[in-house]
>>> print(open('query_17.txt').read())   # compact mmCIF, C-alpha atoms (C1' of nucleotides)
# COMPACT_ATOMS: atom_id res chain seq x y z
CA MET A 11 31.16 -3.19 -1.57
CA ASN A 12 28.99 -5.60 0.39
CA ILE A 13 25.27 -5.29 1.01
CA LYS A 14 25.66 -3.95 4.51
CA GLU A 15 27.81 -1.05 3.34
CA VAL A 16 25.48 -0.25 0.46
CA SER A 17 22.54 -0.35 2.84
CA GLU A 18 24.22 2.17 5.13
CA LYS A 19 25.51 4.34 2.30
CA TYR A 20 22.04 4.89 0.84
CA GLY A 21 19.94 4.58 3.98
CA ILE A 22 17.91 1.66 2.64
CA SER A 23 17.51 -1.77 4.21
CA GLN A 24 19.31 -4.91 3.01
CA ASP A 25 15.92 -6.52 2.48
CA THR A 26 14.88 -3.69 0.23
CA LEU A 27 18.11 -3.91 -1.78
CA ARG A 28 17.53 -7.62 -2.37
CA TYR A 29 13.89 -6.94 -3.15
CA TYR A 30 14.75 -4.31 -5.77
CA GLU A 31 17.11 -6.72 -7.46
CA ARG A 32 14.66 -9.61 -7.26
CA ILE A 33 11.90 -7.70 -9.03
CA GLY A 34 14.32 -6.31 -11.62
CA MET A 35 14.32 -2.70 -10.51
CA ILE A 36 18.10 -2.91 -10.65
CA PRO A 37 20.04 -5.30 -12.90
CA PRO A 38 21.62 -8.39 -11.28
CA VAL A 39 24.39 -7.37 -8.90
CA THR A 40 27.96 -8.70 -9.20
CA ARG A 41 28.64 -11.69 -6.89
CA THR A 42 31.65 -13.35 -5.28
CA LYS A 43 32.39 -17.00 -6.21
CA GLY A 44 30.45 -17.90 -3.10
CA GLY A 45 27.34 -16.13 -4.38
CA ILE A 46 27.50 -13.10 -2.09
CA ARG A 47 26.66 -9.67 -3.50
CA ASN A 48 29.70 -7.49 -4.20
CA TYR A 49 28.43 -4.19 -5.59
CA SER A 50 30.53 -2.69 -8.39
CA ILE A 51 30.59 1.00 -9.30
CA GLU A 52 27.92 0.38 -11.90
CA ASP A 53 25.79 -1.54 -9.44
CA LEU A 54 26.09 1.39 -7.06
CA ASN A 55 25.06 3.81 -9.80
CA TRP A 56 21.92 1.81 -10.36
CA VAL A 57 21.14 1.73 -6.66
CA GLU A 58 21.67 5.46 -6.37
CA LEU A 59 19.48 6.11 -9.38
CA VAL A 60 16.51 4.08 -8.22
CA VAL A 61 16.75 5.36 -4.64
CA CYS A 62 16.61 8.91 -5.97
CA MET A 63 13.68 8.16 -8.26
CA ARG A 64 11.75 6.26 -5.62
CA LYS A 65 12.15 9.08 -3.10
CA ALA A 66 10.65 11.45 -5.65
CA GLY A 67 7.70 9.07 -5.93
CA LEU A 68 8.22 7.27 -9.24
CA SER A 69 6.62 3.84 -9.19
CA ILE A 70 8.44 0.54 -9.02
CA GLU A 71 6.57 -0.54 -12.12
CA ILE A 72 7.97 2.35 -14.19
CA LEU A 73 11.50 1.83 -12.91
CA THR A 74 11.50 -1.89 -13.66
CA GLN A 75 10.18 -1.07 -17.11
CA TYR A 76 13.11 1.28 -17.64
CA VAL A 77 15.59 -1.41 -16.58
CA LYS A 78 13.97 -3.89 -18.95
CA LEU A 79 14.36 -1.46 -21.84
CA TYR A 80 17.97 -0.82 -20.84
CA GLN A 81 18.66 -4.53 -20.88
CA GLN A 82 17.20 -4.87 -24.36
CA GLY A 83 19.98 -2.68 -25.73
CA ASP A 84 20.32 0.11 -28.26
CA GLU A 85 17.01 -0.41 -30.05
CA THR A 86 15.17 0.99 -27.05
CA PHE A 87 16.72 4.47 -26.92
CA ALA A 88 13.55 6.11 -28.20
CA GLU A 89 11.32 4.19 -25.81
CA ARG A 90 13.52 5.05 -22.87
CA LEU A 91 13.45 8.70 -23.88
CA GLU A 92 9.65 8.67 -23.98
CA LEU A 93 9.48 6.98 -20.60
CA LEU A 94 11.80 9.55 -19.05
CA LYS A 95 9.90 12.46 -20.57
CA GLY A 96 6.63 11.04 -19.28
CA GLN A 97 7.96 10.65 -15.77
CA LYS A 98 9.38 14.15 -15.83
CA GLN A 99 5.89 15.45 -16.57
CA VAL A 100 4.54 13.42 -13.66
CA LEU A 101 7.07 15.05 -11.35
CA VAL A 102 6.45 18.54 -12.68
CA ALA A 103 2.75 18.09 -11.96
CA GLN A 104 3.48 16.71 -8.51
CA ARG A 105 5.72 19.66 -7.74
CA GLN A 106 2.93 22.02 -8.73
CA GLN A 107 0.57 20.20 -6.40
CA ILE A 108 3.06 20.49 -3.58
CA ASP A 109 3.59 24.20 -4.23
CA ASP A 110 -0.15 24.81 -4.11
CA THR A 111 -0.41 22.89 -0.87
CA ILE A 112 2.52 24.73 0.69
CA ASN A 113 0.82 28.03 -0.15
CA ARG A 114 -2.32 26.81 1.51
CA LEU A 115 -0.41 25.69 4.55
CA ASP A 116 1.36 29.05 4.75
CA TYR A 117 -1.98 30.80 4.80
CA LYS A 118 -3.31 28.54 7.54
CA ILE A 119 -0.09 28.83 9.51
CA SER A 120 -0.28 32.63 9.49
CA ARG A 121 -3.87 32.44 10.71
CA TYR A 122 -2.98 30.06 13.48
CA GLU A 123 -0.06 32.22 14.56
CA GLN A 124 -2.57 35.02 15.02
CA ALA A 125 -4.95 32.68 16.79
CA VAL A 126 -2.32 31.48 19.24
CA LYS A 127 -1.50 35.11 20.07
CA THR A 128 -5.02 36.46 20.35
CA GLY A 129 -6.88 33.33 21.41
CA ARG A 130 -9.29 33.77 18.51
CA LEU A 131 -9.23 32.18 15.09
CA VAL A 132 -10.62 34.27 12.22
CA TRP A 133 -11.34 32.73 8.86
CA ASP A 134 -12.59 33.98 5.55
CA LYS A 135 -14.16 30.60 5.10
CA GLU A 136 -11.78 27.77 5.89
CA ASP A 137 -11.28 25.20 8.60
CA MET B 28 -24.95 18.81 -2.94
CA ASN B 29 -25.21 15.01 -3.10
CA ILE B 30 -22.34 12.55 -3.08
CA LYS B 31 -22.41 11.97 -6.82
CA GLU B 32 -21.94 15.64 -7.56
CA VAL B 33 -19.19 16.02 -4.98
CA SER B 34 -17.46 12.96 -6.42
CA GLU B 35 -17.50 14.52 -9.87
CA LYS B 36 -16.56 18.00 -8.67
CA TYR B 37 -13.39 16.79 -6.98
CA GLY B 38 -12.54 13.79 -9.15
CA ILE B 39 -12.68 11.35 -6.25
CA SER B 40 -14.89 8.27 -5.95
CA GLN B 41 -18.00 8.07 -3.82
CA ASP B 42 -16.45 5.17 -1.97
CA THR B 43 -13.44 7.29 -1.11
CA LEU B 44 -15.63 10.15 0.10
CA ARG B 45 -17.48 7.78 2.44
CA TYR B 46 -14.20 6.23 3.51
CA TYR B 47 -12.68 9.62 4.40
CA GLU B 48 -15.70 10.44 6.52
CA ARG B 49 -15.79 7.01 8.16
CA ILE B 50 -12.20 7.27 9.35
CA GLY B 51 -12.64 10.88 10.47
CA MET B 52 -10.52 12.56 7.84
CA ILE B 53 -13.45 14.90 7.33
CA PRO B 54 -16.04 15.73 10.01
CA PRO B 55 -19.49 14.08 9.72
CA VAL B 56 -21.31 15.36 6.66
CA THR B 57 -24.78 16.94 6.83
CA ARG B 58 -27.59 14.46 6.04
CA THR B 59 -31.17 14.60 4.82
CA LYS B 60 -33.92 13.26 7.12
CA GLY B 61 -33.58 10.01 5.25
CA GLY B 62 -29.89 9.74 6.15
CA ILE B 63 -28.46 10.62 2.76
CA ARG B 64 -25.40 12.88 2.57
CA ASN B 65 -26.17 16.45 1.58
CA TYR B 66 -22.85 18.32 1.52
CA SER B 67 -22.98 21.90 2.85
CA ILE B 68 -20.49 24.62 1.92
CA GLU B 69 -18.44 23.76 4.99
CA ASP B 70 -18.52 20.07 4.16
CA LEU B 71 -17.27 20.93 0.69
CA ASN B 72 -14.46 23.06 2.13
CA TRP B 73 -13.30 20.08 4.16
CA VAL B 74 -13.42 17.82 1.15
CA GLU B 75 -11.48 20.29 -0.93
CA LEU B 76 -8.89 20.70 1.81
CA VAL B 77 -8.20 17.01 2.31
CA VAL B 78 -8.17 16.28 -1.41
CA CYS B 79 -5.55 18.99 -1.87
CA MET B 80 -3.44 17.73 1.04
CA ARG B 81 -3.70 14.08 -0.02
CA LYS B 82 -2.62 14.91 -3.56
CA ALA B 83 0.45 16.56 -2.17
CA GLY B 84 1.18 13.35 -0.25
CA LEU B 85 0.22 14.15 3.35
CA SER B 86 -0.81 11.01 5.21
CA ILE B 87 -4.32 10.09 6.21
CA GLU B 88 -3.08 9.69 9.77
CA ILE B 89 -1.90 13.31 9.95
CA LEU B 90 -5.07 14.65 8.39
CA THR B 91 -7.35 12.74 10.77
CA GLN B 92 -5.22 14.01 13.62
CA TYR B 93 -5.80 17.57 12.42
CA VAL B 94 -9.55 17.02 12.27
CA LYS B 95 -9.54 15.59 15.78
CA LEU B 96 -7.74 18.66 17.09
CA TYR B 97 -10.18 20.89 15.21
CA GLN B 98 -13.08 19.10 16.83
CA GLN B 99 -11.61 19.59 20.30
CA GLY B 100 -12.01 23.34 19.91
CA ASP B 101 -10.00 26.44 20.75
CA GLU B 102 -7.56 24.85 23.19
CA THR B 103 -5.83 23.13 20.30
CA PHE B 104 -4.74 26.17 18.28
CA ALA B 105 -1.11 25.73 19.25
CA GLU B 106 -1.12 22.00 18.51
CA ARG B 107 -2.73 22.56 15.13
CA LEU B 108 -0.14 25.22 14.35
CA GLU B 109 2.69 22.82 15.16
CA LEU B 110 1.13 20.09 13.05
CA LEU B 111 0.78 22.42 10.07
CA LYS B 112 4.34 23.68 10.41
CA GLY B 113 5.64 20.13 10.57
CA GLN B 114 3.76 19.08 7.48
CA LYS B 115 4.98 22.14 5.63
CA GLN B 116 8.53 21.03 6.33
CA VAL B 117 7.71 17.57 5.02
CA LEU B 118 6.47 19.10 1.78
CA VAL B 119 9.44 21.44 1.41
CA ALA B 120 11.76 18.44 1.71
CA GLN B 121 9.69 16.44 -0.76
CA ARG B 122 9.76 19.31 -3.23
CA GLN B 123 13.53 19.41 -2.97
CA GLN B 124 13.70 15.70 -3.69
CA ILE B 125 11.49 16.16 -6.72
CA ASP B 126 13.59 19.06 -8.00
CA ASP B 127 16.75 16.97 -7.71
CA THR B 128 15.10 14.14 -9.56
CA ILE B 129 13.79 16.42 -12.31
CA ASN B 130 17.34 17.72 -12.82
CA ARG B 131 18.58 14.20 -13.12
CA LEU B 132 15.86 13.34 -15.58
CA ASP B 133 16.67 16.43 -17.64
CA TYR B 134 20.26 15.30 -17.91
CA LYS B 135 19.27 11.82 -18.99
CA ILE B 136 16.68 13.16 -21.41
CA SER B 137 19.28 15.35 -23.12
CA ARG B 138 21.58 12.34 -23.46
CA TYR B 139 18.84 10.20 -24.90
CA GLU B 140 17.85 12.90 -27.35
CA GLN B 141 21.42 12.79 -28.62
CA ALA B 142 21.34 9.00 -28.63
CA VAL B 143 18.14 8.84 -30.65
CA LYS B 144 19.69 11.22 -33.22
CA THR B 145 23.13 9.62 -33.45
CA GLY B 146 22.29 6.03 -32.59
CA ARG B 147 24.95 6.08 -29.86
CA LEU B 148 24.53 6.73 -26.16
CA VAL B 149 27.43 8.46 -24.40
CA TRP B 150 27.67 8.61 -20.64
CA ASP B 151 30.03 10.11 -18.14
CA LYS B 152 29.11 7.24 -15.91
CA GLU B 153 25.38 6.64 -15.73
CA ASP B 154 22.85 4.18 -17.05
C1' DC C 3 37.94 -28.21 12.00
C1' DC C 4 34.57 -25.61 14.40
C1' DT C 5 32.03 -21.83 15.89
C1' DT C 6 30.07 -17.44 15.14
C1' DG C 7 28.02 -14.24 12.50
C1' DA C 8 26.87 -12.27 7.97
C1' DC C 9 24.72 -13.47 3.86
C1' DT C 10 21.58 -16.36 0.83
C1' DT C 11 16.72 -17.61 -1.12
C1' DT C 12 11.83 -18.31 -0.99
C1' DG C 13 7.73 -17.29 0.59
C1' DA C 14 4.67 -15.33 3.84
C1' DG C 15 3.19 -11.18 6.44
C1' DT C 16 2.29 -6.14 7.00
C1' DA C 17 0.81 -1.19 6.43
C1' DA C 18 -1.38 2.39 3.90
C1' DA C 19 -4.94 3.78 1.11
C1' DC C 20 -8.23 2.73 -1.19
C1' DT C 21 -12.00 -0.24 -3.76
C1' DC C 22 -15.60 -3.47 -4.17
C1' DC C 23 -19.66 -5.99 -2.71
C1' DA C 24 -24.07 -7.44 -0.60
C1' DG C 25 -28.10 -6.46 1.27
C1' DA C 26 -30.89 -2.84 3.11
C1' DT C 27 -33.08 1.64 2.71
C1' DG C 28 -34.27 6.00 0.49
C1' DT C 29 -36.08 8.72 -3.72
C1' DT C 30 -38.35 9.64 -8.02
C1' DA C 31 -41.24 8.92 -11.98
C1' DT C 32 -45.22 6.70 -13.73
C1' DA D 20 -48.07 1.83 -5.08
C1' DT D 21 -44.60 -0.04 -7.61
C1' DA D 22 -40.64 -0.11 -10.56
C1' DA D 23 -36.16 1.63 -11.23
C1' DC D 24 -32.44 3.71 -9.50
C1' DA D 25 -29.34 6.14 -5.98
C1' DT D 26 -27.40 5.90 -1.64
C1' DC D 27 -26.67 3.65 2.74
C1' DT D 28 -23.63 0.53 6.04
C1' DG D 29 -20.32 -2.92 7.33
C1' DG D 30 -17.06 -5.75 6.04
C1' DA D 31 -14.06 -8.10 2.84
C1' DG D 32 -10.71 -7.68 -0.98
C1' DT D 33 -6.94 -5.30 -3.66
C1' DT D 34 -2.66 -2.88 -4.76
C1' DT D 35 1.81 -1.08 -3.80
C1' DA D 36 5.90 -1.34 -1.57
C1' DC D 37 8.12 -3.12 1.44
C1' DT D 38 9.47 -6.20 5.77
C1' DC D 39 10.13 -10.39 8.26
C1' DA D 40 11.17 -15.27 9.07
C1' DA D 41 13.02 -19.86 8.35
C1' DA D 42 16.33 -22.72 6.89
C1' DG D 43 20.37 -23.15 4.58
C1' DT D 44 25.31 -21.40 2.93
C1' DC D 45 29.58 -18.77 3.19
C1' DA D 46 33.63 -16.55 5.52
C1' DA D 47 36.84 -15.23 9.19
C1' DG D 48 38.94 -16.05 13.81
C1' DG D 49 40.72 -19.41 17.18
>>> encode(input="query_17.txt", output="structure tokens")
Amino acid sequence: MNIKEVSEKYGISQDTLRYYERIGMIPPVTRTKGGIRNYSIEDLNWVELVVCMRKAGLSIEILTQYVKLYQQGDETFAERLELLKGQKQVLVAQRQQIDDTINRLDYKISRYEQAVKTGRLVWDKED
Amino acid sequence: MNIKEVSEKYGISQDTLRYYERIGMIPPVTRTKGGIRNYSIEDLNWVELVVCMRKAGLSIEILTQYVKLYQQGDETFAERLELLKGQKQVLVAQRQQIDDTINRLDYKISRYEQAVKTGRLVWDKED
DNA sequence: CCTTGACTTTGAGTAAACTCCAGATGTTAT
DNA sequence: ATAACATCTGGAGTTTACTCAAAGTCAAGG
């Protein structure tokens, strides 16, 4: 699969795909004899993985670290496990923050729905 | 309450507090005669609100827009309501993305826990 | 073979959100 | 009143994560 197709499949620009590879956030992609990227199934798995993780907010630094450990082979299982556990905790915390904020927004939204109906905004305390 | 105390209360730097005010992400803070910030209860409510929203990932641009609408008074109830609803949808989508990613991490973590025990990593397909 | 268009690399440029700094002014304790 | 310290403003600098551009290379159609 060429870079254009991968770009469209995952909704990410060609520049970004090359950038991710350049900085080592995905391992080197398979090439044709001419030097043009020809993504294999494994290459695609890596792309899918990092796109998913990036959308959730994991940092490029962490993801490149994970790839480095992967490339060092079987001695890094334990380190990779710790990295993954750590990032899971980051996401769990972030989800909690989002839940709190959604609750707050729900409260404000209900107030504003009243306000739009009645022309008056009534608060306990907030803005 | 002075800026140092507010900084400590919300775990955000003094520079950031001044920055948020400068760009209009919070309305102008009450000052002493000498020109030094003296946060009132309302000022603190604004700080708390934007800190919460920023931690959840809402953009500075959106938050300043909300403050601008707030400052324009009662004619903007409907616009503020739409803004809040839109941002809620953004957060719901982001939460979904995080949940998906946590599930993926859980799967990988379980595999790596096996791998650390057995010394061998077994995949269906992934890295 | 030649053109046209996609792909390549390297390096510079950009946007968002801070973060730091210098020099001035305010505040507090002696 | 003066030292010592906090806070002020305006502007420059930093970090993260892309995004764009230039100049060259590869591949497919005529």
>>> atom_distance(input="query_17.txt", atom1="CA of Val74 in chain B", atom2="CA of Gln106 in chain A")
19.6 Å
>>> interface_residues(input="query_17.txt", of="chain B", to="chain C", cutoff="8 Å", atoms="all atoms listed in the file", output="list in words")
Asp42, Thr43, Gly61 and Ile63 of chain B
>>> calpha_fit_rmsd(input="query_17.txt", fixed="chain A", moving="chain B")
0.1 Å
>>> atom_distance(input="query_17.txt", atom1="CA of Gln116 in chain B", atom2="CA of Glu48 in chain B")
26.4 Å
>>> closest_residue(input="query_17.txt", among="B:Gly84, B:Gly62, B:Gly100, B:Pro54", to="DT26 in chain D", atoms="only C-alpha atoms (C1' of nucleotides)")
B:Gly62
>>> build_atoms(input="query_17.txt", residues="range 62-89 of chain A", atoms="N, CA and C atoms", output="PDB file, in the frame of the given file")
ATOM      1  N   CYS A  62      16.998   7.529  -5.668  1.00  0.00           N
ATOM      2  CA  CYS A  62      16.610   8.910  -5.970  1.00  0.00           C
ATOM      3  C   CYS A  62      15.217   8.969  -6.584  1.00  0.00           C
ATOM      4  N   MET A  63      14.965   8.143  -7.567  1.00  0.00           N
ATOM      5  CA  MET A  63      13.680   8.160  -8.260  1.00  0.00           C
ATOM      6  C   MET A  63      12.532   7.733  -7.346  1.00  0.00           C
ATOM      7  N   ARG A  64      12.785   6.717  -6.546  1.00  0.00           N
ATOM      8  CA  ARG A  64      11.750   6.260  -5.620  1.00  0.00           C
ATOM      9  C   ARG A  64      11.411   7.334  -4.592  1.00  0.00           C
ATOM     10  N   LYS A  65      12.431   8.031  -4.095  1.00  0.00           N
ATOM     11  CA  LYS A  65      12.150   9.080  -3.100  1.00  0.00           C
ATOM     12  C   LYS A  65      11.300  10.188  -3.706  1.00  0.00           C
ATOM     13  N   ALA A  66      11.466  10.422  -4.997  1.00  0.00           N
ATOM     14  CA  ALA A  66      10.650  11.450  -5.650  1.00  0.00           C
ATOM     15  C   ALA A  66       9.235  10.933  -5.920  1.00  0.00           C
ATOM     16  N   GLY A  67       9.047   9.615  -5.779  1.00  0.00           N
ATOM     17  CA  GLY A  67       7.700   9.070  -5.930  1.00  0.00           C
ATOM     18  C   GLY A  67       7.433   8.279  -7.203  1.00  0.00           C
ATOM     19  N   LEU A  68       8.455   8.081  -8.045  1.00  0.00           N
ATOM     20  CA  LEU A  68       8.220   7.270  -9.240  1.00  0.00           C
ATOM     21  C   LEU A  68       7.922   5.833  -8.833  1.00  0.00           C
ATOM     22  N   SER A  69       7.054   5.178  -9.590  1.00  0.00           N
ATOM     23  CA  SER A  69       6.620   3.840  -9.190  1.00  0.00           C
ATOM     24  C   SER A  69       7.646   2.778  -9.537  1.00  0.00           C
ATOM     25  N   ILE A  70       7.609   1.712  -8.777  1.00  0.00           N
ATOM     26  CA  ILE A  70       8.440   0.540  -9.020  1.00  0.00           C
ATOM     27  C   ILE A  70       8.179  -0.008 -10.408  1.00  0.00           C
ATOM     28  N   GLU A  71       6.924  -0.009 -10.800  1.00  0.00           N
ATOM     29  CA  GLU A  71       6.570  -0.540 -12.120  1.00  0.00           C
ATOM     30  C   GLU A  71       7.321   0.204 -13.230  1.00  0.00           C
ATOM     31  N   ILE A  72       7.304   1.535 -13.169  1.00  0.00           N
ATOM     32  CA  ILE A  72       7.970   2.350 -14.190  1.00  0.00           C
ATOM     33  C   ILE A  72       9.482   2.084 -14.179  1.00  0.00           C
ATOM     34  N   LEU A  73      10.048   1.999 -12.999  1.00  0.00           N
ATOM     35  CA  LEU A  73      11.500   1.830 -12.910  1.00  0.00           C
ATOM     36  C   LEU A  73      11.936   0.462 -13.424  1.00  0.00           C
ATOM     37  N   THR A  74      11.147  -0.570 -13.135  1.00  0.00           N
ATOM     38  CA  THR A  74      11.500  -1.890 -13.660  1.00  0.00           C
ATOM     39  C   THR A  74      11.350  -1.904 -15.180  1.00  0.00           C
ATOM     40  N   GLN A  75      10.363  -1.171 -15.661  1.00  0.00           N
ATOM     41  CA  GLN A  75      10.180  -1.070 -17.110  1.00  0.00           C
ATOM     42  C   GLN A  75      11.420  -0.427 -17.749  1.00  0.00           C
ATOM     43  N   TYR A  76      11.914   0.604 -17.124  1.00  0.00           N
ATOM     44  CA  TYR A  76      13.110   1.280 -17.640  1.00  0.00           C
ATOM     45  C   TYR A  76      14.307   0.322 -17.685  1.00  0.00           C
ATOM     46  N   VAL A  77      14.475  -0.454 -16.623  1.00  0.00           N
ATOM     47  CA  VAL A  77      15.590  -1.410 -16.580  1.00  0.00           C
ATOM     48  C   VAL A  77      15.436  -2.458 -17.677  1.00  0.00           C
ATOM     49  N   LYS A  78      14.211  -2.917 -17.886  1.00  0.00           N
ATOM     50  CA  LYS A  78      13.970  -3.890 -18.950  1.00  0.00           C
ATOM     51  C   LYS A  78      14.380  -3.333 -20.296  1.00  0.00           C
ATOM     52  N   LEU A  79      13.997  -2.094 -20.575  1.00  0.00           N
ATOM     53  CA  LEU A  79      14.360  -1.460 -21.840  1.00  0.00           C
ATOM     54  C   LEU A  79      15.880  -1.351 -21.955  1.00  0.00           C
ATOM     55  N   TYR A  80      16.505  -0.930 -20.873  1.00  0.00           N
ATOM     56  CA  TYR A  80      17.970  -0.820 -20.840  1.00  0.00           C
ATOM     57  C   TYR A  80      18.616  -2.156 -21.198  1.00  0.00           C
ATOM     58  N   GLN A  81      18.066  -3.215 -20.645  1.00  0.00           N
ATOM     59  CA  GLN A  81      18.660  -4.530 -20.880  1.00  0.00           C
ATOM     60  C   GLN A  81      18.426  -5.042 -22.303  1.00  0.00           C
ATOM     61  N   GLN A  82      17.449  -4.454 -22.978  1.00  0.00           N
ATOM     62  CA  GLN A  82      17.200  -4.870 -24.360  1.00  0.00           C
ATOM     63  C   GLN A  82      18.155  -4.215 -25.349  1.00  0.00           C
ATOM     64  N   GLY A  83      18.940  -3.247 -24.872  1.00  0.00           N
ATOM     65  CA  GLY A  83      19.980  -2.680 -25.730  1.00  0.00           C
ATOM     66  C   GLY A  83      19.563  -1.467 -26.533  1.00  0.00           C
ATOM     67  N   ASP A  84      20.377  -1.180 -27.553  1.00  0.00           N
ATOM     68  CA  ASP A  84      20.320   0.110 -28.260  1.00  0.00           C
ATOM     69  C   ASP A  84      19.032   0.372 -29.029  1.00  0.00           C
ATOM     70  N   GLU A  85      18.243  -0.679 -29.307  1.00  0.00           N
ATOM     71  CA  GLU A  85      17.010  -0.410 -30.050  1.00  0.00           C
ATOM     72  C   GLU A  85      15.974   0.325 -29.214  1.00  0.00           C
ATOM     73  N   THR A  86      16.204   0.416 -27.922  1.00  0.00           N
ATOM     74  CA  THR A  86      15.170   0.990 -27.050  1.00  0.00           C
ATOM     75  C   THR A  86      15.463   2.425 -26.626  1.00  0.00           C
ATOM     76  N   PHE A  87      16.415   3.078 -27.268  1.00  0.00           N
ATOM     77  CA  PHE A  87      16.720   4.470 -26.920  1.00  0.00           C
ATOM     78  C   PHE A  87      15.456   5.347 -26.939  1.00  0.00           C
ATOM     79  N   ALA A  88      14.712   5.238 -28.036  1.00  0.00           N
ATOM     80  CA  ALA A  88      13.550   6.110 -28.200  1.00  0.00           C
ATOM     81  C   ALA A  88      12.493   5.831 -27.133  1.00  0.00           C
ATOM     82  N   GLU A  89      12.305   4.544 -26.841  1.00  0.00           N
ATOM     83  CA  GLU A  89      11.320   4.190 -25.810  1.00  0.00           C
ATOM     84  C   GLU A  89      11.746   4.692 -24.442  1.00  0.00           C
TER      85      GLU A  89
END
